[in-house]
$ cat model.cif   # mmCIF, C-alpha atoms and all ligand atoms
data_structure
#
loop_
_atom_site.label_atom_id
_atom_site.label_comp_id
_atom_site.auth_asym_id
_atom_site.auth_seq_id
_atom_site.Cartn_x
_atom_site.Cartn_y
_atom_site.Cartn_z
CA MET V 1 180.41 -41.31 -12.67
CA SER V 2 183.02 -40.84 -10.07
CA ALA V 3 183.15 -43.56 -7.58
CA ASP V 4 182.74 -42.24 -4.09
CA LYS V 5 185.36 -43.35 -1.70
CA VAL V 6 183.75 -45.61 0.85
CA ALA V 7 185.31 -45.63 4.27
CA PRO V 8 186.21 -49.12 5.41
CA PRO V 9 183.83 -50.44 8.04
CA PRO V 10 185.03 -49.87 11.59
CA PRO V 11 186.74 -52.89 13.02
CA SER V 12 184.25 -55.01 14.89
CA PRO V 13 184.90 -54.87 18.61
CA THR V 14 186.94 -57.83 19.86
CA PRO V 15 184.58 -60.15 21.71
CA PRO V 16 185.41 -60.45 25.41
CA PRO V 17 187.23 -63.66 26.30
CA PRO V 18 184.76 -66.39 27.21
CA SER V 19 184.25 -66.11 30.94
CA ARG V 20 184.52 -69.29 32.98
CA PRO V 21 181.02 -70.37 34.01
CA ARG V 22 180.49 -69.42 37.65
CA PRO V 23 179.80 -72.51 39.75
CA ARG V 24 176.27 -72.72 40.97
CA PRO V 25 176.47 -72.02 44.74
CA VAL V 26 173.76 -74.56 45.58
CA GLU V 27 172.94 -77.67 43.56
CA PHE V 28 170.46 -80.41 44.36
CA CYS V 29 171.41 -83.83 43.03
CA LYS V 30 171.65 -87.54 43.79
CA GLY V 31 174.44 -89.10 45.80
CA VAL V 32 175.42 -92.68 46.62
CA ASN V 33 172.53 -95.16 46.24
CA GLY V 34 170.34 -92.40 44.77
CA LEU V 35 170.12 -90.55 48.11
CA ASP V 36 169.35 -86.83 47.78
CA LYS V 37 172.24 -84.52 48.40
CA VAL V 38 173.01 -80.82 48.19
CA VAL V 39 176.33 -79.54 46.87
CA LEU V 40 177.55 -76.13 48.04
CA ARG V 41 180.24 -74.34 46.04
CA GLU V 42 182.04 -71.16 46.92
CA SER V 43 183.41 -69.02 44.07
CA ARG V 44 187.07 -69.50 45.11
CA GLY V 45 186.71 -73.26 44.73
CA SER V 46 185.86 -74.75 48.12
CA SER V 47 182.81 -77.03 48.36
CA ALA V 48 180.69 -79.10 50.71
CA GLU V 49 178.09 -81.84 50.35
CA VAL V 50 175.10 -82.48 52.58
CA TYR V 51 172.89 -85.58 52.46
CA LEU V 52 169.23 -85.19 53.36
CA TYR V 53 169.65 -88.62 54.94
CA GLY V 54 170.74 -87.66 58.46
CA GLY V 55 171.06 -83.96 57.54
CA GLN V 56 174.66 -85.06 57.28
CA VAL V 57 177.61 -83.20 55.81
CA THR V 58 179.70 -85.81 53.98
CA SER V 59 182.31 -83.67 52.25
CA TRP V 60 184.16 -80.41 52.82
CA LYS V 61 186.89 -79.53 50.35
CA ASN V 62 189.27 -76.58 50.32
CA ASP V 63 189.91 -74.46 47.23
CA HIS V 64 192.57 -76.98 46.08
CA GLY V 65 189.89 -79.68 46.04
CA GLU V 66 191.44 -81.51 49.02
CA GLU V 67 188.95 -83.42 51.17
CA LEU V 68 189.06 -82.28 54.80
CA LEU V 69 186.53 -84.68 56.33
CA PHE V 70 186.83 -88.43 56.69
CA VAL V 71 184.16 -90.73 55.28
CA SER V 72 184.82 -94.46 55.47
CA SER V 73 185.25 -96.34 52.20
CA LYS V 74 183.04 -99.00 53.87
CA SER V 75 180.25 -96.58 54.69
CA ILE V 76 176.91 -98.13 53.72
CA PHE V 77 174.79 -95.10 52.65
CA LYS V 78 171.59 -97.03 53.23
CA PRO V 79 168.95 -96.54 55.92
CA PRO V 80 168.75 -97.44 58.75
CA LYS V 81 172.54 -97.41 59.17
CA ALA V 82 173.96 -93.90 59.68
CA ILE V 83 176.61 -92.74 57.20
CA ARG V 84 180.06 -93.48 58.71
CA GLY V 85 181.93 -90.20 58.51
CA GLY V 86 181.42 -86.54 57.73
CA ILE V 87 179.36 -84.80 60.39
CA PRO V 88 176.57 -86.97 61.82
CA ILE V 89 174.14 -85.11 64.08
CA CYS V 90 173.66 -86.84 67.43
CA PHE V 91 170.20 -85.88 68.72
CA PRO V 92 168.19 -86.18 70.95
CA GLN V 93 170.75 -88.38 72.70
CA PHE V 94 174.51 -88.58 72.57
CA SER V 95 175.94 -92.14 72.58
CA ASN V 96 174.22 -94.36 75.14
CA HIS V 97 173.52 -91.54 77.63
CA GLY V 98 169.82 -92.50 77.83
CA SER V 99 167.33 -95.12 76.71
CA LEU V 100 167.21 -94.27 72.98
CA GLU V 101 169.25 -95.94 70.24
CA GLN V 102 172.97 -94.98 70.18
CA HIS V 103 173.35 -91.27 69.25
CA GLY V 104 169.56 -90.79 68.90
CA PHE V 105 167.60 -90.95 65.68
CA ALA V 106 168.26 -87.67 63.81
CA ARG V 107 171.24 -89.22 62.03
CA ASN V 108 169.19 -91.90 60.36
CA ARG V 109 166.08 -90.00 59.32
CA VAL V 110 165.49 -88.23 56.03
CA TRP V 111 165.50 -84.46 56.53
CA SER V 112 163.75 -81.92 54.24
CA ILE V 113 164.85 -78.71 52.60
CA ASP V 114 163.58 -75.76 54.62
CA ASN V 115 162.37 -73.33 51.97
CA ASP V 116 161.23 -70.74 54.45
CA PRO V 117 163.88 -70.64 57.17
CA ALA V 118 163.44 -68.21 60.02
CA PRO V 119 166.10 -65.51 59.69
CA LEU V 120 169.37 -66.11 61.46
CA PRO V 121 171.70 -63.31 62.53
CA THR V 122 174.86 -64.09 60.61
CA ASN V 123 177.85 -62.08 59.48
CA SER V 124 178.36 -64.30 56.47
CA THR V 125 177.08 -63.20 53.09
CA SER V 126 177.58 -66.65 51.65
CA LYS V 127 175.28 -67.80 48.89
CA ALA V 128 176.63 -71.33 49.30
CA CYS V 129 174.19 -72.16 52.04
CA VAL V 130 171.34 -74.60 52.61
CA ASP V 131 168.67 -74.86 55.30
CA LEU V 132 167.32 -78.25 56.33
CA ILE V 133 164.54 -79.17 58.69
CA PHE V 134 163.67 -82.30 60.62
CA LYS V 135 160.35 -82.85 62.39
CA PRO V 136 159.54 -86.12 64.15
CA SER V 137 157.17 -88.54 62.41
CA ASP V 138 154.37 -90.34 64.27
CA ASP V 139 156.73 -93.31 64.65
CA ASP V 140 159.46 -91.06 66.06
CA LEU V 141 156.96 -89.67 68.57
CA LYS V 142 156.35 -93.21 69.81
CA ILE V 143 160.09 -93.56 70.53
CA TRP V 144 160.54 -90.05 71.96
CA PRO V 145 157.18 -88.39 72.74
CA HIS V 146 158.18 -84.74 72.21
CA SER V 147 157.36 -82.66 69.17
CA PHE V 148 160.09 -80.34 67.93
CA GLU V 149 161.44 -78.55 64.87
CA PHE V 150 165.14 -79.02 64.22
CA ARG V 151 166.55 -76.51 61.71
CA LEU V 152 170.08 -76.97 60.42
CA ARG V 153 171.88 -74.36 58.33
CA VAL V 154 175.04 -75.46 56.52
CA ALA V 155 177.04 -72.61 54.96
CA LEU V 156 180.41 -72.21 53.28
CA GLY V 157 182.13 -68.93 54.03
CA PRO V 158 184.02 -66.95 51.36
CA GLY V 159 187.34 -68.30 52.67
CA GLY V 160 186.06 -71.88 52.65
CA ASP V 161 185.07 -72.11 56.33
CA LEU V 162 182.26 -74.56 57.02
CA MET V 163 179.54 -73.36 59.39
CA LEU V 164 176.79 -75.48 60.90
CA THR V 165 174.05 -73.87 62.95
CA SER V 166 171.41 -75.99 64.67
CA ARG V 167 168.21 -74.57 66.07
CA ILE V 168 165.90 -76.83 68.02
CA ARG V 169 162.47 -75.51 68.99
CA ASN V 170 160.11 -77.14 71.44
CA THR V 171 156.74 -77.25 69.65
CA ASP V 172 155.25 -79.44 72.37
CA ALA V 173 153.03 -78.57 75.31
CA LYS V 174 155.55 -79.85 77.87
CA PRO V 175 159.30 -79.38 78.40
CA PHE V 176 161.87 -81.87 77.09
CA THR V 177 165.54 -82.55 77.70
CA PHE V 178 168.20 -83.72 75.26
CA THR V 179 171.91 -84.11 74.62
CA PHE V 180 173.59 -83.20 71.35
CA ALA V 181 176.83 -83.53 69.35
CA TYR V 182 178.27 -82.62 65.96
CA HIS V 183 180.11 -85.92 65.53
CA THR V 184 182.76 -84.41 63.24
CA TYR V 185 185.18 -86.84 61.53
CA PHE V 186 188.33 -84.97 60.44
CA SER V 187 190.62 -86.42 57.79
CA VAL V 188 194.23 -86.60 59.03
CA SER V 189 197.40 -87.85 57.37
CA ASP V 190 198.55 -90.10 60.21
CA ILE V 191 196.91 -90.18 63.63
CA SER V 192 200.28 -90.69 65.36
CA GLU V 193 201.43 -87.31 63.95
CA VAL V 194 198.40 -85.39 65.16
CA ARG V 195 198.02 -83.18 68.21
CA VAL V 196 194.93 -81.55 69.70
CA GLU V 197 195.30 -78.24 71.53
CA GLY V 198 192.79 -76.53 73.78
CA LEU V 199 191.79 -79.51 75.94
CA GLU V 200 194.92 -79.94 78.07
CA THR V 201 194.38 -79.84 81.87
CA LEU V 202 190.59 -80.20 81.49
CA ASP V 203 188.36 -82.75 83.20
CA TYR V 204 186.89 -85.51 81.06
CA LEU V 205 184.59 -88.51 81.32
CA ASP V 206 186.33 -91.61 79.99
CA ASN V 207 183.90 -93.74 77.99
CA LEU V 208 186.46 -96.56 78.11
CA GLN V 209 186.34 -96.53 81.93
CA ASN V 210 182.62 -96.46 82.75
CA LYS V 211 182.37 -92.69 82.14
CA GLU V 212 184.57 -92.06 85.18
CA ARG V 213 185.85 -88.51 85.61
CA PHE V 214 189.60 -87.75 85.26
CA THR V 215 191.74 -84.66 84.72
CA GLU V 216 193.92 -84.45 81.59
CA GLN V 217 197.59 -84.20 82.50
CA GLY V 218 200.44 -82.70 80.55
CA ASP V 219 200.62 -80.85 77.28
CA ALA V 220 198.64 -81.16 74.08
CA ILE V 221 196.80 -84.40 73.41
CA THR V 222 198.48 -86.98 71.15
CA PHE V 223 197.36 -90.47 70.10
CA GLU V 224 198.87 -93.92 70.50
CA SER V 225 195.83 -96.07 71.39
CA GLU V 226 192.03 -96.05 71.44
CA VAL V 227 190.51 -92.88 72.89
CA ASP V 228 186.89 -92.09 73.73
CA LYS V 229 186.66 -89.11 76.09
CA VAL V 230 184.10 -86.40 76.78
CA TYR V 231 186.04 -83.25 77.72
CA LEU V 232 184.02 -80.92 79.93
CA SER V 233 183.66 -77.13 79.96
CA THR V 234 185.93 -76.75 76.96
CA PRO V 235 187.05 -73.44 75.41
CA THR V 236 185.22 -72.08 72.36
CA LYS V 237 188.27 -72.82 70.17
CA ILE V 238 190.04 -76.14 69.72
CA ALA V 239 192.81 -76.88 67.22
CA ILE V 240 193.87 -80.13 65.54
CA LEU V 241 197.44 -79.92 64.25
CA ASP V 242 198.37 -82.32 61.46
CA HIS V 243 202.15 -82.11 61.17
CA GLU V 244 202.52 -84.28 58.11
CA LYS V 245 199.87 -82.39 56.12
CA LYS V 246 201.14 -79.07 57.54
CA ARG V 247 197.50 -78.25 58.19
CA THR V 248 195.64 -77.06 61.25
CA PHE V 249 191.92 -77.40 61.75
CA VAL V 250 190.42 -74.75 63.98
CA ILE V 251 187.05 -75.56 65.54
CA ARG V 252 185.06 -72.62 66.88
CA LYS V 253 181.89 -73.45 68.74
CA ASP V 254 179.03 -71.82 70.51
CA GLY V 255 176.42 -73.28 72.86
CA LEU V 256 178.35 -76.55 73.04
CA PRO V 257 180.40 -76.74 76.26
CA ASP V 258 181.75 -80.30 75.82
CA ALA V 259 184.02 -81.87 73.22
CA VAL V 260 184.25 -85.59 72.54
CA VAL V 261 187.53 -86.98 71.21
CA TRP V 262 187.27 -90.41 69.59
CA ASN V 263 189.50 -92.74 67.65
CA PRO V 264 188.55 -96.45 67.64
CA TRP V 265 192.13 -97.68 66.99
CA ASP V 266 192.84 -101.09 65.48
CA LYS V 267 190.70 -103.61 67.43
CA LYS V 268 187.47 -101.58 67.37
CA ALA V 269 188.09 -100.63 63.74
CA LYS V 270 188.14 -104.33 62.84
CA ALA V 271 184.92 -104.90 64.76
CA MET V 272 182.99 -102.22 62.83
CA ALA V 273 181.42 -103.52 59.61
CA ASP V 274 181.28 -100.05 58.03
CA PHE V 275 184.86 -99.02 58.79
CA GLY V 276 188.09 -100.18 57.11
CA ASP V 277 190.63 -102.03 59.28
CA ASP V 278 193.34 -99.38 58.82
CA GLU V 279 191.15 -96.31 58.42
CA TYR V 280 191.58 -95.33 62.07
CA LYS V 281 195.03 -94.04 61.08
CA HIS V 282 193.49 -91.37 58.87
CA MET V 283 190.67 -89.96 60.98
CA LEU V 284 190.01 -88.23 64.26
CA CYS V 285 186.66 -87.26 65.69
CA VAL V 286 186.51 -84.05 67.70
CA GLU V 287 182.86 -83.46 68.48
CA PRO V 288 181.46 -80.20 69.86
CA ALA V 289 178.69 -81.34 72.18
CA SER V 290 176.42 -80.73 75.12
CA ILE V 291 176.39 -83.95 77.11
CA GLU V 292 177.20 -83.49 80.77
CA LYS V 293 174.94 -80.43 80.91
CA THR V 294 171.74 -81.63 79.32
CA ILE V 295 169.58 -79.05 77.55
CA THR V 296 165.99 -78.48 78.64
CA LEU V 297 163.54 -76.52 76.49
CA LYS V 298 160.19 -75.29 77.74
CA PRO V 299 157.27 -75.13 75.26
CA GLY V 300 158.05 -72.51 72.60
CA GLU V 301 161.74 -72.18 73.59
CA GLU V 302 164.58 -72.56 71.09
CA TRP V 303 168.18 -73.74 71.60
CA ARG V 304 171.02 -72.89 69.27
CA GLY V 305 174.35 -74.71 68.83
CA ARG V 306 176.97 -73.78 66.28
CA GLN V 307 180.27 -75.11 65.01
CA GLU V 308 182.56 -73.37 62.55
CA LEU V 309 185.47 -75.20 60.97
CA SER V 310 188.53 -73.68 59.29
CA ALA V 311 191.52 -75.43 57.78
CA VAL V 312 194.67 -73.32 57.65
CA PRO V 313 198.29 -74.04 56.71
CA SER V 314 200.32 -74.90 59.81
CA SER V 315 202.46 -71.85 60.13
CA TYR V 316 200.78 -72.28 63.46
CA CYS V 317 202.52 -71.76 66.78
CA SER V 318 201.77 -74.22 69.49
CA GLY V 319 199.54 -72.78 72.18
CA GLN V 320 198.34 -69.81 70.13
CA LEU V 321 194.66 -70.26 69.61
CA ASP V 322 194.10 -66.73 68.34
CA PRO V 323 192.67 -67.32 64.84
CA ARG V 324 194.36 -64.15 63.51
CA LYS V 325 197.70 -65.56 64.56
CA VAL V 326 196.74 -68.88 63.01
CA LEU V 327 195.95 -67.20 59.71
CA GLN V 328 198.86 -64.77 59.65
CA GLY V 329 201.53 -67.10 61.01
CA CYS V 330 203.49 -66.26 64.14
O1 LIG K 1 179.50 -96.34 65.95
P1 LIG K 1 178.74 -95.09 66.31
O2 LIG K 1 177.40 -95.38 66.91
O3 LIG K 1 178.64 -94.15 65.17
O4 LIG K 1 179.58 -94.37 67.44
C1 LIG K 1 180.90 -94.04 67.26
C2 LIG K 1 181.48 -93.40 68.52
O5 LIG K 1 180.81 -92.17 68.73
C3 LIG K 1 181.26 -91.38 69.84
O6 LIG K 1 182.48 -90.78 69.58
C4 LIG K 1 181.27 -92.17 71.14
O7 LIG K 1 181.92 -91.45 72.16
C5 LIG K 1 181.90 -93.52 70.95
O8 LIG K 1 181.71 -94.29 72.13
C6 LIG K 1 181.33 -94.25 69.76
O9 LIG K 1 181.97 -95.50 69.60
#

$ encode --input "model.cif" --output "structure tokens" --more "lines below"
Ligand SMILES: O=P(O)(O)OC[C@H]1O[C@H](O)[C@H](O)[C@@H](O)[C@@H]1O
Amino acid sequence: MSADKVAPPPPSPTPPPPSRPRPRPVEFCKGVNGLDKVVLRESRGSSAEVYLYGGQVTSWKNDHGEELLFVSSKSIFKPPKAIRGGIPICFPQFSNHGSLEQHGFARNRVWSIDNDPAPLPTNSTSKACVDLIFKPSDDDLKIWPHSFEFRLRVALGPGGDLMLTSRIRNTDAKPFTFTFAYHTYFSVSDISEVRVEGLETLDYLDNLQNKERFTEQGDAITFESEVDKVYLSTPTKIAILDHEKKRTFVIRKDGLPDAVVWNPWDKKAKAMADFGDDEYKHMLCVEPASIEKTITLKPGEEWRGRQELSAVPSSYCSGQLDPRKVLQGC
């Protein structure tokens, strides 16, 4: 019997290299003290975290994993105290501009996930996005007798931009009026090396001088003592230049004419239980807001206010607020 020649089996195809698991764009988990939080991850590596407590963004990291927002190491993360840092939502009252508690009550209520959000025209195709909703409880209605639906969308853009869109609808039978702010705490290397552009020559109300009105003089704004000002009729773009970090934050906003600039400096820092004595050196609040012009909604009407944050390397030329120039250098 002649042995047939058997062809060797074809080489088995080389298995493809194990692909890195794609990060889940939206993850629901527990944060500090077991509070519910949502983590957003964009495929290039940037991320954000949002607590249901306050509907508050507490982290925004670029694709190198660097934290871009300030949250105090002394922050308490326990109701009823609002989380100190990130992006607290001030609603229905900014600061003490009214009879409610400081900055209203939205920042210390537990929000819900909005599983059926009304569509929002957006040019972002981001999957790293979450919709939250806050409706007043019976107790809230005793404090502020107006029923409303507050929808907040937090989204990370493909380039790592952080976008917050607030929609407030009057679901009551009578009109109501409110003030609002995204109380954004930026992380900076050293406050004395930081400059804000876009607010020079504008009028502001000085919270340190009985809300008196002044006009900003000179060039870009720099910091060497406590500041607490509400700039009025501000442009839609504001930049924070951090020389040491070689980083520029660009704030783009819509529906929010005012911008609060706040740094407590040393004495006030020491007086705050949930803020480290020296932490004022590493933070700056620039807060897109609507304060001087209050917002009134008739029954069924909706208001929208949006802030979009980018962090770009500072190949940034002073005075050039064109974002294309910011991104491409000058
Ligand atoms: O301590 P909070 O209630 O969070 O307020 C912190 C700060 O918020 C805003 O920036 C106000 O303009 C300041 O007057 C206030 O001190």

$ residues_near_ligand --input "model.cif" --ligand "ligand LIG 1 (chain K)" --cutoff "6 Å" --atoms "all atoms listed in the file" --output "PyMOL selection string"
chain V and resi 95+102+228+262

$ residues_around --input "model.cif" --residues "Pro313 of chain V" --least-positions-apart "3" --cutoff "7 Å" --atoms "all atoms listed in the file" --output "MDAnalysis selection string"
chainID V and resid 246:248

$ write_last_selection --input "model.cif" --atoms "C-alpha atoms" --output "tab-separated table (two decimals), in the coordinates of the input"
chain	number	residue	atom	x	y	z
V	246	LYS	CA	201.14	-79.07	57.54
V	247	ARG	CA	197.50	-78.25	58.19
V	248	THR	CA	195.64	-77.06	61.25

$ atom_distance --input "model.cif" --atom1 "atom CA of Ser290 of chain V" --atom2 "atom CA of Gln217 of chain V"
22.7 Å

$ residues_around --input "model.cif" --residues "Gly157 of chain V" --least-positions-apart "4" --cutoff "12 Å" --atoms "all atoms listed in the file" --output "ChimeraX atom specification"
/V:25,40-48,60,62-63,122-129,161-164,308-310

$ atom_distance --input "model.cif" --atom1 "atom CA of Asp258 of chain V" --atom2 "atom CA of Tyr53 of chain V"
25.5 Å

$ residues_around --input "model.cif" --residues "Val227 of chain V" --least-positions-apart "6" --cutoff "8 Å" --atoms "all atoms listed in the file" --output "ChimeraX atom specification"
/V:208,261-265

$ write_last_selection --input "model.cif" --atoms "C-alpha atoms" --output "JSON list (two decimals), keeping the file's coordinate frame"
[["chain", "number", "residue", "atom", "x", "y", "z"],
["V", 208, "LEU", "CA", 186.46, -96.56, 78.11],
["V", 261, "VAL", "CA", 187.53, -86.98, 71.21],
["V", 262, "TRP", "CA", 187.27, -90.41, 69.59],
["V", 263, "ASN", "CA", 189.50, -92.74, 67.65],
["V", 264, "PRO", "CA", 188.55, -96.45, 67.64],
["V", 265, "TRP", "CA", 192.13, -97.68, 66.99]]

$ decode --input "model.cif" --residues "segment 89-99 of chain V" --atoms "all heavy atoms" --output "compact mmCIF listing (two decimals), in the first residue's frame"
# COMPACT_ATOMS: atom_id res chain seq x y z
N ILE V 89 -24.35 74.02 40.93
CA ILE V 89 -25.40 74.75 40.20
C ILE V 89 -26.09 75.68 41.20
O ILE V 89 -26.62 75.20 42.21
CB ILE V 89 -26.47 73.76 39.66
CG1 ILE V 89 -25.82 72.71 38.75
CG2 ILE V 89 -27.62 74.49 39.00
CD1 ILE V 89 -25.63 73.11 37.33
N CYS V 90 -26.05 76.97 40.93
CA CYS V 90 -26.73 77.93 41.81
C CYS V 90 -28.10 78.22 41.20
O CYS V 90 -28.20 78.85 40.15
CB CYS V 90 -25.93 79.22 41.94
SG CYS V 90 -24.27 78.95 42.57
N PHE V 91 -29.14 77.75 41.86
CA PHE V 91 -30.51 77.92 41.37
C PHE V 91 -31.47 77.62 42.53
O PHE V 91 -31.20 76.68 43.28
CB PHE V 91 -30.81 76.95 40.21
CG PHE V 91 -32.26 76.94 39.80
CD1 PHE V 91 -32.75 77.90 38.94
CD2 PHE V 91 -33.14 75.98 40.31
CE1 PHE V 91 -34.09 77.92 38.58
CE2 PHE V 91 -34.49 75.99 39.95
CZ PHE V 91 -34.96 76.96 39.08
N PRO V 92 -32.55 78.31 42.70
CA PRO V 92 -33.09 79.40 41.89
C PRO V 92 -32.58 80.78 42.30
O PRO V 92 -33.13 81.79 41.86
CB PRO V 92 -34.60 79.31 42.13
CG PRO V 92 -34.76 78.60 43.44
CD PRO V 92 -33.51 77.84 43.71
N GLN V 93 -31.49 80.80 43.09
CA GLN V 93 -30.99 82.10 43.53
C GLN V 93 -29.48 82.08 43.55
O GLN V 93 -28.88 81.13 44.08
CB GLN V 93 -31.51 82.39 44.95
CG GLN V 93 -30.94 83.63 45.61
CD GLN V 93 -31.39 83.75 47.07
OE1 GLN V 93 -32.59 83.83 47.34
NE2 GLN V 93 -30.45 83.76 47.99
N PHE V 94 -28.85 83.10 42.99
CA PHE V 94 -27.41 83.22 43.12
C PHE V 94 -27.09 83.95 44.42
O PHE V 94 -27.71 84.97 44.72
CB PHE V 94 -26.80 83.99 41.93
CG PHE V 94 -25.34 84.22 42.13
CD1 PHE V 94 -24.43 83.18 41.94
CD2 PHE V 94 -24.86 85.45 42.57
CE1 PHE V 94 -23.07 83.37 42.19
CE2 PHE V 94 -23.50 85.64 42.80
CZ PHE V 94 -22.62 84.60 42.62
N SER V 95 -26.11 83.41 45.16
CA SER V 95 -25.58 84.05 46.38
C SER V 95 -26.72 84.46 47.31
O SER V 95 -27.64 83.66 47.55
CB SER V 95 -24.71 85.24 45.97
OG SER V 95 -24.01 85.74 47.07
N ASN V 96 -26.67 85.70 47.81
CA ASN V 96 -27.73 86.15 48.73
C ASN V 96 -28.64 87.17 48.04
O ASN V 96 -29.20 88.04 48.68
CB ASN V 96 -27.11 86.71 50.01
CG ASN V 96 -26.15 87.85 49.70
OD1 ASN V 96 -25.95 88.21 48.53
ND2 ASN V 96 -25.56 88.43 50.72
N HIS V 97 -28.74 87.06 46.70
CA HIS V 97 -29.61 87.96 45.93
C HIS V 97 -31.06 87.52 46.06
O HIS V 97 -31.69 87.13 45.07
CB HIS V 97 -29.21 87.96 44.45
CG HIS V 97 -27.90 88.60 44.17
ND1 HIS V 97 -27.76 89.72 43.39
CD2 HIS V 97 -26.65 88.28 44.58
CE1 HIS V 97 -26.48 90.06 43.32
NE2 HIS V 97 -25.78 89.20 44.04
N GLY V 98 -31.61 87.50 47.28
CA GLY V 98 -32.99 87.06 47.49
C GLY V 98 -33.12 86.48 48.88
O GLY V 98 -32.18 86.56 49.68
N SER V 99 -34.28 85.89 49.15
CA SER V 99 -34.57 85.48 50.53
C SER V 99 -34.26 83.99 50.78
O SER V 99 -34.41 83.50 51.89
CB SER V 99 -36.04 85.75 50.83
OG SER V 99 -36.80 85.07 49.86
